[in-house]
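For reference, the structure is listed below as structure tokens.
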Amino acid sequence: MATHVITGAGSGIGAAVARRLHARGDDLVLHARDAGRAKELAAEFPGARTLVGDLADPDRLSWAFSHQSLPDRVDSLLHVAGVVDLGRVGDLTPKSWRHQLNVNLVAPAELTRHFLPQLRASRGHVIFVNSGAGLSAHADWSAYAASKHGLKALADSLREEEHANGVRVTTVYPGRTASPMQAKVHQQEGKDYDPSKWIDPESVATTILMALDLPRDAEVNDLTVRPGR
């Protein structure tokens, strides 16, 4: 039975991945931002463990984790959580920049640092769910795209650093996916939201599980997923 640490399991892609892994009997450690959210996740995924810490405040994650029991074994660390706040460079405040950079980039780096010993021991897998914005940036997307470009750099560096330790690193770049985040993006863009136009989170989950389940003789480094309709 493999043990997976997952952020963002409460909705969208993260929830789809958690459901698939839970259904096949794997052991889940689900990150939650607070105790209330942890209780909800534990009820939704019976038998799963939870880990509480605010990704928006990565400086305090180490302190938060020191008061909880971390899993002895970790076979995969899946970074799925993310936030987005659109705005032009001339309008975005430092607070907005820091929030997106902290949640989307600094917190994943800190979580990875914490779980690297377990991942090295298990010859495990780190998966970063990035975004098309991690490959190209457009007007109004500067802060989010910067955080996702940084996440690509984090993954690429980690892959080279940990290859000799047997740790696999995969980045998945989904296009627009039907999720609460996408609904928020449409609201910020002032557009009507029709989830049927976008990728189903289950489809992205399928690509993530493919990378996880790939035999050890191969590694998926980068995987781009785009709407097919």
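Labels used: A, B, ... for chains in the order of the structure tokens, numbers from 1 for residues in each chain, and numbers from 1 for ligands as shown.
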
### Message
Env of region 130-142 of chain A: 12 Å cut, atoms = only C-alpha atoms, seq-sep filter 2 positions within chain, self excluded. Answer as a PyMOL selection string.
### Response
chain A and resi 13+78-93+96-97+100-101+104-105+108+127-128+144-155+170-177+182+185+188-189+204+208+222-227

### Task
Extract the full set of alpha helix (DSSP H) residues from region 61-93 of chain A according to DSSP on the backbone, and format it as number ranges by chain.
A: 61-66

### Exercise: Gln68 (chain A) partners within 12 Å, only C-alpha atoms, chain neighbours under 2 positions left out, as JSON, numbers by chain
{"A": [31, 35, 49, 50, 51, 52, 53, 61, 62, 63, 64, 65, 66, 70, 71]}
